[in-house]
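This is data-v4.csv (CSV, C-alpha atoms).
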```csv
chain,number,residue,atom,x,y,z
A,1,ALA,CA,0.0,0.0,0.0
A,2,GLN,CA,1.1,3.5,-0.6
A,3,SER,CA,0.8,6.5,1.6
A,4,VAL,CA,1.7,10.2,1.7
A,5,THR,CA,2.6,12.4,4.7
A,6,GLN,CA,2.6,16.1,4.6
A,7,LEU,CA,4.3,17.2,7.7
A,8,ASP,CA,3.0,20.7,8.0
A,9,SER,CA,-0.7,21.5,8.0
A,10,GLN,CA,-0.1,25.2,7.8
A,11,VAL,CA,2.9,27.3,6.6
A,12,PRO,CA,2.8,31.1,7.0
A,13,VAL,CA,5.5,33.0,5.2
A,14,PHE,CA,6.1,36.6,4.3
A,15,GLU,CA,5.8,37.8,0.7
A,16,GLU,CA,9.0,37.4,-1.3
A,17,ALA,CA,10.4,34.9,1.2
A,18,PRO,CA,11.4,31.4,0.2
A,19,VAL,CA,9.1,28.5,1.1
A,20,GLU,CA,9.4,24.7,1.3
A,21,LEU,CA,6.4,22.4,1.7
A,22,ARG,CA,7.4,19.0,2.9
A,23,CYS,CA,6.1,15.6,1.6
A,24,ASN,CA,7.2,12.1,2.4
A,25,TYR,CA,5.8,9.0,0.8
A,26,SER,CA,5.7,5.3,1.5
A,27,SER,CA,5.6,2.7,-1.3
A,28,SER,CA,7.0,-0.8,-2.0
A,29,VAL,CA,7.2,-0.1,-5.8
A,30,SER,CA,8.4,2.6,-8.1
A,31,VAL,CA,6.2,5.7,-7.8
A,32,TYR,CA,5.0,8.7,-9.6
A,33,LEU,CA,4.7,11.8,-7.5
A,34,PHE,CA,2.6,14.9,-7.9
A,35,TRP,CA,1.8,18.2,-6.4
A,36,TYR,CA,-1.6,19.6,-6.9
A,37,VAL,CA,-2.8,23.1,-5.8
A,38,GLN,CA,-6.2,24.3,-4.7
A,39,TYR,CA,-6.7,28.1,-4.9
A,40,PRO,CA,-9.5,29.6,-2.8
A,41,ASN,CA,-12.9,28.6,-4.3
A,42,GLN,CA,-11.3,26.7,-7.1
A,43,GLY,CA,-10.8,23.1,-8.0
A,44,LEU,CA,-7.6,21.1,-7.7
A,45,GLN,CA,-5.1,21.5,-10.5
A,46,LEU,CA,-1.7,20.1,-11.3
A,47,LEU,CA,1.3,22.1,-10.2
A,48,LEU,CA,4.0,19.6,-11.2
A,49,LYS,CA,4.8,15.9,-11.5
A,50,TYR,CA,7.7,13.4,-11.3
A,51,LEU,CA,7.5,10.4,-13.5
A,52,SER,CA,11.1,9.5,-14.2
A,53,GLY,CA,14.4,11.0,-15.2
A,54,SER,CA,15.7,14.2,-13.7
A,55,THR,CA,14.9,14.3,-10.0
A,56,LEU,CA,14.4,18.1,-10.1
A,57,VAL,CA,11.1,19.0,-11.7
A,58,LYS,CA,9.8,22.4,-12.5
A,59,GLY,CA,6.1,23.4,-12.5
A,60,ILE,CA,3.9,26.3,-13.0
A,61,ASN,CA,4.2,29.7,-11.2
A,62,GLY,CA,7.9,29.2,-10.4
A,63,PHE,CA,7.5,26.1,-8.2
A,64,GLU,CA,9.9,23.2,-8.3
A,65,ALA,CA,10.2,19.9,-6.4
A,66,GLU,CA,13.0,17.4,-5.9
A,67,PHE,CA,12.5,13.6,-5.8
A,68,ASN,CA,14.8,12.0,-3.2
A,69,LYS,CA,14.5,8.2,-3.3
A,70,SER,CA,16.7,7.5,-0.4
A,71,GLN,CA,14.7,9.9,1.9
A,72,THR,CA,11.4,9.0,0.2
A,73,SER,CA,10.6,12.7,-0.1
A,74,PHE,CA,9.3,15.1,-2.7
A,75,HIS,CA,9.5,18.5,-1.1
A,76,LEU,CA,8.0,21.5,-3.0
A,77,ARG,CA,10.0,24.8,-3.1
A,78,LYS,CA,9.7,28.3,-4.4
A,79,PRO,CA,12.5,30.9,-3.9
A,80,SER,CA,10.2,33.9,-3.6
A,81,VAL,CA,6.5,33.7,-2.9
A,82,HIS,CA,3.7,36.1,-3.9
A,83,ILE,CA,0.4,36.8,-2.4
A,84,SER,CA,-1.3,34.9,-5.2
A,85,ASP,CA,0.4,31.7,-4.1
A,86,THR,CA,-2.0,31.6,-1.1
A,87,ALA,CA,-3.6,28.2,-1.5
A,88,GLU,CA,-3.7,24.6,-0.2
A,89,TYR,CA,-1.1,22.3,-1.6
A,90,PHE,CA,-1.5,18.5,-1.9
A,91,CYS,CA,1.2,16.0,-2.5
A,92,ALA,CA,0.1,12.8,-4.2
A,93,VAL,CA,1.6,9.4,-5.1
A,94,SER,CA,0.7,6.6,-7.5
A,95,SER,CA,2.3,3.7,-9.3
A,96,SER,CA,1.5,2.2,-12.7
A,97,ALA,CA,-2.2,1.4,-13.1
A,98,SER,CA,-3.1,2.4,-9.6
A,99,LYS,CA,-5.2,4.9,-7.8
A,100,ILE,CA,-3.6,8.2,-6.8
A,101,ILE,CA,-3.3,8.8,-3.1
A,102,PHE,CA,-3.3,12.3,-1.7
A,103,GLY,CA,-1.8,13.7,1.5
A,104,SER,CA,-3.8,15.8,3.9
A,105,GLY,CA,-2.6,19.1,2.5
A,106,THR,CA,-0.6,22.1,3.5
A,107,ARG,CA,-2.2,25.5,3.7
A,108,LEU,CA,0.2,28.2,2.5
A,109,SER,CA,-0.6,31.7,3.8
A,110,ILE,CA,1.4,34.7,2.6
A,111,ARG,CA,1.8,37.7,4.8
A,112,PRO,CA,2.5,41.1,3.1
B,1,GLY,CA,-16.8,18.8,-22.8
B,2,ALA,CA,-14.1,21.3,-22.1
B,3,GLY,CA,-13.8,20.2,-18.4
B,4,VAL,CA,-15.1,17.8,-15.8
B,5,SER,CA,-18.7,18.8,-14.9
B,6,GLN,CA,-20.3,17.8,-11.6
B,7,THR,CA,-23.9,18.2,-10.6
B,8,PRO,CA,-25.4,19.3,-8.3
B,9,SER,CA,-22.8,21.8,-7.0
B,10,ASN,CA,-24.6,21.8,-3.7
B,11,LYS,CA,-27.0,19.2,-2.1
B,12,VAL,CA,-28.7,19.4,1.3
B,13,THR,CA,-30.5,16.4,2.4
B,14,GLU,CA,-31.9,14.8,5.5
B,15,LYS,CA,-30.4,11.9,7.4
B,16,GLY,CA,-31.7,8.6,5.9
B,17,LYS,CA,-32.4,9.9,2.4
B,18,TYR,CA,-30.9,8.7,-0.9
B,19,VAL,CA,-28.6,10.9,-2.9
B,20,GLU,CA,-27.2,10.7,-6.4
B,21,LEU,CA,-24.2,12.8,-7.6
B,22,ARG,CA,-23.3,13.0,-11.3
B,23,CYS,CA,-20.0,13.4,-13.0
B,24,ASP,CA,-19.5,14.2,-16.7
B,25,PRO,CA,-15.8,13.7,-17.6
B,26,ILE,CA,-13.7,15.2,-20.3
B,27,SER,CA,-14.6,13.6,-23.7
B,28,GLY,CA,-12.2,10.8,-24.6
B,29,HIS,CA,-11.0,10.2,-21.0
B,30,THR,CA,-11.3,6.6,-20.3
B,31,ALA,CA,-10.5,6.7,-16.6
B,32,LEU,CA,-12.8,8.3,-14.0
B,33,TYR,CA,-12.2,8.8,-10.3
B,34,TRP,CA,-14.3,9.7,-7.3
B,35,TYR,CA,-12.8,11.2,-4.2
B,36,ARG,CA,-14.3,12.6,-1.0
B,37,GLN,CA,-12.8,15.7,0.7
B,38,SER,CA,-13.8,16.6,4.2
B,39,LEU,CA,-13.0,20.0,5.8
B,40,GLY,CA,-9.3,20.4,6.3
B,41,GLN,CA,-8.4,17.1,4.7
B,42,GLY,CA,-7.0,15.9,1.5
B,43,PRO,CA,-9.0,14.1,-1.2
B,44,GLU,CA,-9.8,10.5,0.0
B,45,PHE,CA,-10.0,7.9,-2.8
B,46,LEU,CA,-13.3,6.2,-3.2
B,47,ILE,CA,-13.4,4.4,-6.5
B,48,TYR,CA,-12.0,4.5,-10.1
B,49,PHE,CA,-13.4,3.3,-13.4
B,50,GLN,CA,-11.5,2.2,-16.5
B,51,GLY,CA,-14.1,2.3,-19.1
B,52,THR,CA,-17.4,0.9,-17.8
B,53,GLY,CA,-15.9,-1.3,-15.1
B,54,ALA,CA,-14.8,-0.4,-11.6
B,55,ALA,CA,-11.0,-1.1,-11.6
B,56,ASP,CA,-10.6,-0.3,-7.9
B,57,ASP,CA,-13.5,0.3,-5.4
B,58,SER,CA,-11.4,-0.3,-2.3
B,59,GLY,CA,-12.1,3.2,-1.0
B,60,LEU,CA,-15.9,2.9,-0.8
B,61,PRO,CA,-16.5,3.2,3.0
B,62,ASN,CA,-19.4,0.7,3.2
B,63,ASP,CA,-22.2,-0.8,1.2
B,64,ARG,CA,-24.3,2.4,1.3
B,65,PHE,CA,-22.0,3.8,-1.4
B,66,PHE,CA,-22.2,2.6,-4.9
B,67,ALA,CA,-21.1,4.1,-8.3
B,68,VAL,CA,-21.8,3.2,-11.9
B,69,ARG,CA,-20.5,4.2,-15.3
B,70,PRO,CA,-22.8,2.3,-17.7
B,71,GLU,CA,-21.6,3.7,-21.0
B,72,GLY,CA,-18.0,4.5,-20.1
B,73,SER,CA,-18.7,8.3,-19.9
B,74,VAL,CA,-21.0,9.8,-17.3
B,75,SER,CA,-20.7,8.4,-13.8
B,76,THR,CA,-23.2,8.5,-10.9
B,77,LEU,CA,-22.2,8.1,-7.2
B,78,LYS,CA,-25.1,6.8,-5.2
B,79,ILE,CA,-25.4,7.1,-1.4
B,80,GLN,CA,-28.2,5.2,0.4
B,81,ARG,CA,-29.5,6.0,3.9
B,82,THR,CA,-27.3,9.1,4.2
B,83,GLU,CA,-25.7,9.8,7.6
B,84,ARG,CA,-24.3,13.1,8.9
B,85,GLY,CA,-20.8,11.8,8.6
B,86,ASP,CA,-21.3,11.6,4.8
B,87,SER,CA,-21.2,15.4,4.6
B,88,ALA,CA,-18.2,16.4,2.5
B,89,VAL,CA,-17.3,17.6,-0.9
B,90,TYR,CA,-17.4,14.8,-3.5
B,91,LEU,CA,-14.8,15.3,-6.2
B,92,CYS,CA,-14.8,13.7,-9.6
B,93,ALA,CA,-11.7,13.6,-11.8
B,94,SER,CA,-10.9,12.1,-15.2
B,95,SER,CA,-7.7,11.1,-17.1
B,96,LEU,CA,-6.8,9.8,-20.5
B,97,SER,CA,-6.2,6.3,-19.2
B,98,GLY,CA,-6.0,4.4,-15.9
B,99,SER,CA,-2.2,4.7,-15.8
B,100,GLY,CA,-1.0,6.1,-12.5
B,101,ALA,CA,1.3,8.5,-14.5
B,102,ASN,CA,-1.6,10.4,-16.0
B,103,VAL,CA,-2.6,13.8,-14.7
B,104,LEU,CA,-6.1,14.0,-13.2
B,105,THR,CA,-8.4,16.8,-14.2
B,106,PHE,CA,-10.8,17.6,-11.4
B,107,GLY,CA,-14.3,19.0,-11.4
B,108,ALA,CA,-15.5,21.7,-9.0
B,109,GLY,CA,-17.1,19.1,-6.7
B,110,SER,CA,-20.5,18.4,-5.2
B,111,ARG,CA,-20.9,19.7,-1.7
B,112,LEU,CA,-23.2,17.3,0.2
B,113,THR,CA,-24.7,18.4,3.6
B,114,VAL,CA,-26.6,15.8,5.5
B,115,LEU,CA,-28.8,17.4,8.3
```
Represent the structure contained in this file as structure tokens.
Amino acid sequence: AQSVTQLDSQVPVFEEAPVELRCNYSSSVSVYLFWYVQYPNQGLQLLLKYLSGSTLVKGINGFEAEFNKSQTSFHLRKPSVHISDTAEYFCAVSSSASKIIFGSGTRLSIRP
Amino acid sequence: GAGVSQTPSNKVTEKGKYVELRCDPISGHTALYWYRQSLGQGPEFLIYFQGTGAADDSGLPNDRFFAVRPEGSVSTLKIQRTERGDSAVYLCASSLSGSGANVLTFGAGSRLTVL
């Protein structure tokens, strides 16, 4: 069975500061990893994904994430956040031909 | 259609009643997923379809929950004898195929409130 742990339920940061949202996963097989974002009053949408190849993946809005197999982590980072990044961020894991399992989410709040 | 459409957007019902939630996926997407999202939680997997058949229904909480996709397109999630604990946002998503590598496109959700 696969699982995802998002260690922080809320992360407050100041505008233009860097941010890291943590995600750890558990799986006995090779995985695919995703970050989805849910802006206020909007549906979930894909931010970025890791399928194979380079362990550093870049997504929309300046976000990036690094797949670390030894630490079973897929942390999301942005060097400088903006007010518009205020949202809930969900890490997710799957394997071939399987359901996609989501973490409990991290609420990112940006202070001016 | 252009996106995943879910109806109704809001449903208020009384404990013990029967509810149907509908999902119309993106045209051509063979895989369809149902998730449930409670306040402050991530989406919880319920069931996914590959074509007309349920490929994995391990997330359905009990036999009051049932879903169908008779023609491989529109899906209906059915909840019998609703309970207050069923209150949540029910999310539908579709993808090109059932491969775990595919990106899910989500609908806006159906908010169910059981009084």
Find the nearest atom pair between each residue of chain A and chain B for residues within 12 Å, count all atoms listed in the file, give distances in Å to one decimal, sort rows by chain and ascending number, and present the table as a tab-separated table.
```
residue	atom	partner	partner_atom	distance
A:Ala1	CA	B:Ser58	CA	11.6
A:Ser3	CA	B:Glu44	CA	11.4
A:Val4	CA	B:Gly42	CA	10.4
A:Thr5	CA	B:Gly42	CA	10.7
A:Gln6	CA	B:Gly42	CA	10.1
A:Ser9	CA	B:Gly40	CA	8.8
A:Gln10	CA	B:Gly40	CA	10.5
A:Ser30	CA	B:Gly100	CA	11.0
A:Val31	CA	B:Gly100	CA	8.6
A:Tyr32	CA	B:Ala101	CA	6.1
A:Leu33	CA	B:Ala101	CA	8.5
A:Phe34	CA	B:Val103	CA	8.6
A:Trp35	CA	B:Val103	CA	10.4
A:Tyr36	CA	B:Leu104	CA	9.6
A:Val37	CA	B:Gly42	CA	11.1
A:Gln38	CA	B:Gly42	CA	10.5
A:Tyr39	CA	B:Ala108	CA	11.6
A:Pro40	CA	B:Ala108	CA	11.7
A:Asn41	CA	B:Ala108	CA	8.7
A:Gln42	CA	B:Ala108	CA	6.8
A:Gly43	CA	B:Ala108	CA	5.0
A:Leu44	CA	B:Phe106	CA	6.0
A:Gln45	CA	B:Thr105	CA	6.8
A:Leu46	CA	B:Val103	CA	7.2
A:Leu47	CA	B:Val103	CA	10.2
A:Leu48	CA	B:Val103	CA	9.5
A:Lys49	CA	B:Val103	CA	8.3
A:Tyr50	CA	B:Ala101	CA	8.7
A:Leu51	CA	B:Ala101	CA	6.6
A:Ser52	CA	B:Ala101	CA	9.9
A:Glu88	CA	B:Gly42	CA	9.5
A:Tyr89	CA	B:Gly42	CA	9.2
A:Phe90	CA	B:Gly42	CA	7.0
A:Cys91	CA	B:Gly42	CA	9.1
A:Ala92	CA	B:Gly42	CA	9.6
A:Val93	CA	B:Gly100	CA	8.5
A:Ser94	CA	B:Gly100	CA	5.3
A:Ser95	CA	B:Gly100	CA	5.2
A:Ser96	CA	B:Gly100	CA	4.6
A:Ala97	CA	B:Ser99	CA	4.3
A:Ser98	CA	B:Gly100	CA	5.1
A:Lys99	CA	B:Gly100	CA	6.4
A:Ile100	CA	B:Gly100	CA	6.6
A:Ile101	CA	B:Phe45	CA	6.8
A:Phe102	CA	B:Pro43	CA	6.0
A:Gly103	CA	B:Gly42	CA	5.6
A:Ser104	CA	B:Gly42	CA	4.0
A:Gly105	CA	B:Gly42	CA	5.5
A:Thr106	CA	B:Gly42	CA	9.1
A:Arg107	CA	B:Gly40	CA	9.1
```
Fill in: Nearest-residue call for Ser87 (chain B), choices B:Asn62, B:Thr13, B:Ser75, B:Thr52, using only C-alpha atoms
B:Thr13
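One finds CA of Ala2 (chain B) at 21.5 Å from CA of Leu77 (chain B).
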Practice prompt. Write out as a ChimeraX atom specification each polymer residue whose atoms come within 10 Å of Glu15 (chain A), counting all atoms listed in the file; drop sequence neighbours fewer than 4 positions from it.
Written response: /A:19,80-85,109-112
Worksheet item: What does the distance between CA of Thr86 (chain A) and CA of Pro12 (chain A) come to in Å, to one decimal place?
Response: 9.4 Å
Fill in: Contacts of Val4 (chain B) within 6 Å, all atoms listed in the file, excl. fewer than 3 positions in-chain, as number ranges by chain
B: 24-26, 107
Practice prompt. For a cut-off of 7 Å around (-31.5, 2.2, 3.4), file coordinates, pick out all residues using only C-alpha atoms and list them as a ChimeraX atom specification.
Written response: /B:16,80-81
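One distance worth recording is that between CA of Phe65 (chain B) and CA of Trp34 (chain B), which is 11.4 Å.
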Discussion item. From the options A:Ser28, A:Thr55, A:Gln2, A:Asn61, which residue's atoms come nearest to Phe74 (chain A), counting all atoms listed in the file?
Written reply: A:Thr55
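Between Ser70 (chain A) and the residues A:Ser26, A:Ala87, A:Gly53, A:Pro18, the shortest atom-to-atom distance, using all atoms listed in the file, involves A:Ser26.
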Mind running region 16-102 of chain B against region 9-12 of chain B at 12 Å and telling me each contacting residue's nearest atom pair with the distance in Å (one decimal), counting all atoms listed in the file, chain and number ascending, as a tab-separated table?
```
residue	atom	partner	partner_atom	distance
B:Lys17	CA	B:Val12	CA	10.3
B:Tyr18	CA	B:Val12	CA	11.1
B:Val19	CA	B:Lys11	CA	8.5
B:Glu20	CA	B:Lys11	CA	9.5
B:Leu21	CA	B:Lys11	CA	8.9
B:Arg22	CA	B:Ser9	CA	9.8
B:Cys23	CA	B:Ser9	CA	10.7
B:Thr82	CA	B:Val12	CA	10.8
B:Glu83	CA	B:Val12	CA	11.9
B:Arg84	CA	B:Val12	CA	10.8
B:Asp86	CA	B:Val12	CA	11.3
B:Ser87	CA	B:Val12	CA	9.1
B:Ala88	CA	B:Lys11	CA	10.3
B:Val89	CA	B:Asn10	CA	8.9
B:Tyr90	CA	B:Ser9	CA	9.5
B:Leu91	CA	B:Ser9	CA	10.3
B:Cys92	CA	B:Ser9	CA	11.7
```
Discussion item. With distances taken over all atoms listed in the file, which residue among B:Leu96, B:Ile79, B:Val114, B:Val68 lies nearest Ser27 (chain B)?
Written reply: B:Leu96
Output region 34-46 of chain A from the block with all heavy atoms, as a PDB file, in the first residue's frame?
```
ATOM      1  N   PHE A  34       3.282  13.719  -7.444  1.00  0.00           N
ATOM      2  CA  PHE A  34       2.600  14.912  -7.939  1.00  0.00           C
ATOM      3  C   PHE A  34       2.433  15.937  -6.815  1.00  0.00           C
ATOM      4  O   PHE A  34       2.356  15.576  -5.635  1.00  0.00           O
ATOM      5  CB  PHE A  34       1.181  14.552  -8.441  1.00  0.00           C
ATOM      6  CG  PHE A  34       1.121  13.438  -9.442  1.00  0.00           C
ATOM      7  CD1 PHE A  34       1.145  12.116  -9.029  1.00  0.00           C
ATOM      8  CD2 PHE A  34       1.028  13.712 -10.801  1.00  0.00           C
ATOM      9  CE1 PHE A  34       1.082  11.079  -9.955  1.00  0.00           C
ATOM     10  CE2 PHE A  34       0.962  12.680 -11.722  1.00  0.00           C
ATOM     11  CZ  PHE A  34       0.988  11.368 -11.304  1.00  0.00           C
ATOM     12  N   TRP A  35       2.357  17.188  -7.222  1.00  0.00           N
ATOM     13  CA  TRP A  35       1.848  18.236  -6.357  1.00  0.00           C
ATOM     14  C   TRP A  35       0.662  18.874  -7.082  1.00  0.00           C
ATOM     15  O   TRP A  35       0.774  19.281  -8.245  1.00  0.00           O
ATOM     16  CB  TRP A  35       2.900  19.306  -6.066  1.00  0.00           C
ATOM     17  CG  TRP A  35       3.838  18.950  -4.951  1.00  0.00           C
ATOM     18  CD1 TRP A  35       5.073  18.391  -5.053  1.00  0.00           C
ATOM     19  CD2 TRP A  35       3.615  19.149  -3.549  1.00  0.00           C
ATOM     20  NE1 TRP A  35       5.627  18.222  -3.811  1.00  0.00           N
ATOM     21  CE2 TRP A  35       4.770  18.680  -2.869  1.00  0.00           C
ATOM     22  CE3 TRP A  35       2.558  19.688  -2.796  1.00  0.00           C
ATOM     23  CZ2 TRP A  35       4.890  18.735  -1.473  1.00  0.00           C
ATOM     24  CZ3 TRP A  35       2.678  19.734  -1.420  1.00  0.00           C
ATOM     25  CH2 TRP A  35       3.830  19.267  -0.763  1.00  0.00           C
ATOM     26  N   TYR A  36      -0.460  18.937  -6.363  1.00  0.00           N
ATOM     27  CA  TYR A  36      -1.639  19.632  -6.852  1.00  0.00           C
ATOM     28  C   TYR A  36      -1.882  20.848  -5.972  1.00  0.00           C
ATOM     29  O   TYR A  36      -1.543  20.847  -4.777  1.00  0.00           O
ATOM     30  CB  TYR A  36      -2.875  18.724  -6.804  1.00  0.00           C
ATOM     31  CG  TYR A  36      -2.962  17.707  -7.917  1.00  0.00           C
ATOM     32  CD1 TYR A  36      -2.206  16.533  -7.878  1.00  0.00           C
ATOM     33  CD2 TYR A  36      -3.787  17.920  -9.019  1.00  0.00           C
ATOM     34  CE1 TYR A  36      -2.283  15.593  -8.904  1.00  0.00           C
ATOM     35  CE2 TYR A  36      -3.871  16.990 -10.048  1.00  0.00           C
ATOM     36  CZ  TYR A  36      -3.118  15.835  -9.982  1.00  0.00           C
ATOM     37  OH  TYR A  36      -3.205  14.919 -11.001  1.00  0.00           O
ATOM     38  N   VAL A  37      -2.516  21.878  -6.537  1.00  0.00           N
ATOM     39  CA  VAL A  37      -2.806  23.095  -5.797  1.00  0.00           C
ATOM     40  C   VAL A  37      -4.298  23.388  -5.885  1.00  0.00           C
ATOM     41  O   VAL A  37      -4.931  23.120  -6.917  1.00  0.00           O
ATOM     42  CB  VAL A  37      -1.971  24.293  -6.316  1.00  0.00           C
ATOM     43  CG1 VAL A  37      -2.243  24.577  -7.785  1.00  0.00           C
ATOM     44  CG2 VAL A  37      -2.226  25.540  -5.480  1.00  0.00           C
ATOM     45  N   GLN A  38      -4.833  23.890  -4.782  1.00  0.00           N
ATOM     46  CA  GLN A  38      -6.248  24.273  -4.746  1.00  0.00           C
ATOM     47  C   GLN A  38      -6.315  25.719  -4.264  1.00  0.00           C
ATOM     48  O   GLN A  38      -6.142  26.007  -3.069  1.00  0.00           O
ATOM     49  CB  GLN A  38      -7.026  23.357  -3.802  1.00  0.00           C
ATOM     50  CG  GLN A  38      -8.522  23.512  -3.863  1.00  0.00           C
ATOM     51  CD  GLN A  38      -9.238  22.400  -3.103  1.00  0.00           C
ATOM     52  OE1 GLN A  38      -8.734  21.868  -2.106  1.00  0.00           O
ATOM     53  NE2 GLN A  38     -10.421  22.026  -3.566  1.00  0.00           N
ATOM     54  N   TYR A  39      -6.539  26.643  -5.204  1.00  0.00           N
ATOM     55  CA  TYR A  39      -6.697  28.055  -4.851  1.00  0.00           C
ATOM     56  C   TYR A  39      -8.073  28.263  -4.231  1.00  0.00           C
ATOM     57  O   TYR A  39      -8.986  27.471  -4.474  1.00  0.00           O
ATOM     58  CB  TYR A  39      -6.513  28.933  -6.084  1.00  0.00           C
ATOM     59  CG  TYR A  39      -5.121  28.856  -6.658  1.00  0.00           C
ATOM     60  CD1 TYR A  39      -4.875  28.162  -7.835  1.00  0.00           C
ATOM     61  CD2 TYR A  39      -4.041  29.457  -6.014  1.00  0.00           C
ATOM     62  CE1 TYR A  39      -3.594  28.061  -8.357  1.00  0.00           C
ATOM     63  CE2 TYR A  39      -2.758  29.364  -6.530  1.00  0.00           C
ATOM     64  CZ  TYR A  39      -2.541  28.654  -7.698  1.00  0.00           C
ATOM     65  OH  TYR A  39      -1.274  28.560  -8.192  1.00  0.00           O
ATOM     66  N   PRO A  40      -8.250  29.308  -3.438  1.00  0.00           N
ATOM     67  CA  PRO A  40      -9.541  29.554  -2.786  1.00  0.00           C
ATOM     68  C   PRO A  40     -10.685  29.530  -3.778  1.00  0.00           C
ATOM     69  O   PRO A  40     -10.629  30.177  -4.837  1.00  0.00           O
ATOM     70  CB  PRO A  40      -9.334  30.946  -2.168  1.00  0.00           C
ATOM     71  CG  PRO A  40      -7.867  31.041  -1.935  1.00  0.00           C
ATOM     72  CD  PRO A  40      -7.227  30.316  -3.067  1.00  0.00           C
ATOM     73  N   ASN A  41     -11.695  28.732  -3.455  1.00  0.00           N
ATOM     74  CA  ASN A  41     -12.922  28.627  -4.275  1.00  0.00           C
ATOM     75  C   ASN A  41     -12.672  28.098  -5.681  1.00  0.00           C
ATOM     76  O   ASN A  41     -13.432  28.393  -6.604  1.00  0.00           O
ATOM     77  CB  ASN A  41     -13.632  29.981  -4.355  1.00  0.00           C
ATOM     78  CG  ASN A  41     -14.019  30.488  -2.981  1.00  0.00           C
ATOM     79  OD1 ASN A  41     -14.549  29.742  -2.168  1.00  0.00           O
ATOM     80  ND2 ASN A  41     -13.698  31.741  -2.699  1.00  0.00           N
ATOM     81  N   GLN A  42     -11.594  27.340  -5.852  1.00  0.00           N
ATOM     82  CA  GLN A  42     -11.317  26.721  -7.148  1.00  0.00           C
ATOM     83  C   GLN A  42     -11.079  25.223  -6.968  1.00  0.00           C
ATOM     84  O   GLN A  42     -10.875  24.742  -5.859  1.00  0.00           O
ATOM     85  CB  GLN A  42     -10.100  27.369  -7.809  1.00  0.00           C
ATOM     86  CG  GLN A  42     -10.299  28.825  -8.201  1.00  0.00           C
ATOM     87  CD  GLN A  42      -9.134  29.352  -9.001  1.00  0.00           C
ATOM     88  OE1 GLN A  42      -8.453  28.612  -9.716  1.00  0.00           O
ATOM     89  NE2 GLN A  42      -8.898  30.653  -8.894  1.00  0.00           N
ATOM     90  N   GLY A  43     -11.105  24.501  -8.076  1.00  0.00           N
ATOM     91  CA  GLY A  43     -10.843  23.071  -8.045  1.00  0.00           C
ATOM     92  C   GLY A  43      -9.349  22.769  -8.011  1.00  0.00           C
ATOM     93  O   GLY A  43      -8.518  23.641  -8.223  1.00  0.00           O
ATOM     94  N   LEU A  44      -9.038  21.523  -7.737  1.00  0.00           N
ATOM     95  CA  LEU A  44      -7.640  21.071  -7.716  1.00  0.00           C
ATOM     96  C   LEU A  44      -7.046  21.112  -9.117  1.00  0.00           C
ATOM     97  O   LEU A  44      -7.691  20.720 -10.085  1.00  0.00           O
ATOM     98  CB  LEU A  44      -7.580  19.633  -7.221  1.00  0.00           C
ATOM     99  CG  LEU A  44      -7.695  19.443  -5.721  1.00  0.00           C
ATOM    100  CD1 LEU A  44      -8.338  18.118  -5.405  1.00  0.00           C
ATOM    101  CD2 LEU A  44      -6.317  19.526  -5.092  1.00  0.00           C
ATOM    102  N   GLN A  45      -5.807  21.555  -9.215  1.00  0.00           N
ATOM    103  CA  GLN A  45      -5.118  21.537 -10.502  1.00  0.00           C
ATOM    104  C   GLN A  45      -3.664  21.132 -10.305  1.00  0.00           C
ATOM    105  O   GLN A  45      -3.081  21.342  -9.245  1.00  0.00           O
ATOM    106  CB  GLN A  45      -5.214  22.910 -11.194  1.00  0.00           C
ATOM    107  CG  GLN A  45      -4.641  24.059 -10.405  1.00  0.00           C
ATOM    108  CD  GLN A  45      -4.861  25.379 -11.114  1.00  0.00           C
ATOM    109  OE1 GLN A  45      -4.128  25.754 -12.013  1.00  0.00           O
ATOM    110  NE2 GLN A  45      -5.885  26.105 -10.699  1.00  0.00           N
ATOM    111  N   LEU A  46      -3.084  20.569 -11.354  1.00  0.00           N
ATOM    112  CA  LEU A  46      -1.715  20.074 -11.263  1.00  0.00           C
ATOM    113  C   LEU A  46      -0.719  21.215 -11.210  1.00  0.00           C
ATOM    114  O   LEU A  46      -0.803  22.165 -11.989  1.00  0.00           O
ATOM    115  CB  LEU A  46      -1.403  19.186 -12.469  1.00  0.00           C
ATOM    116  CG  LEU A  46      -0.007  18.576 -12.464  1.00  0.00           C
ATOM    117  CD1 LEU A  46       0.078  17.448 -11.442  1.00  0.00           C
ATOM    118  CD2 LEU A  46       0.363  18.063 -13.853  1.00  0.00           C
TER     119      LEU A  46
END
```
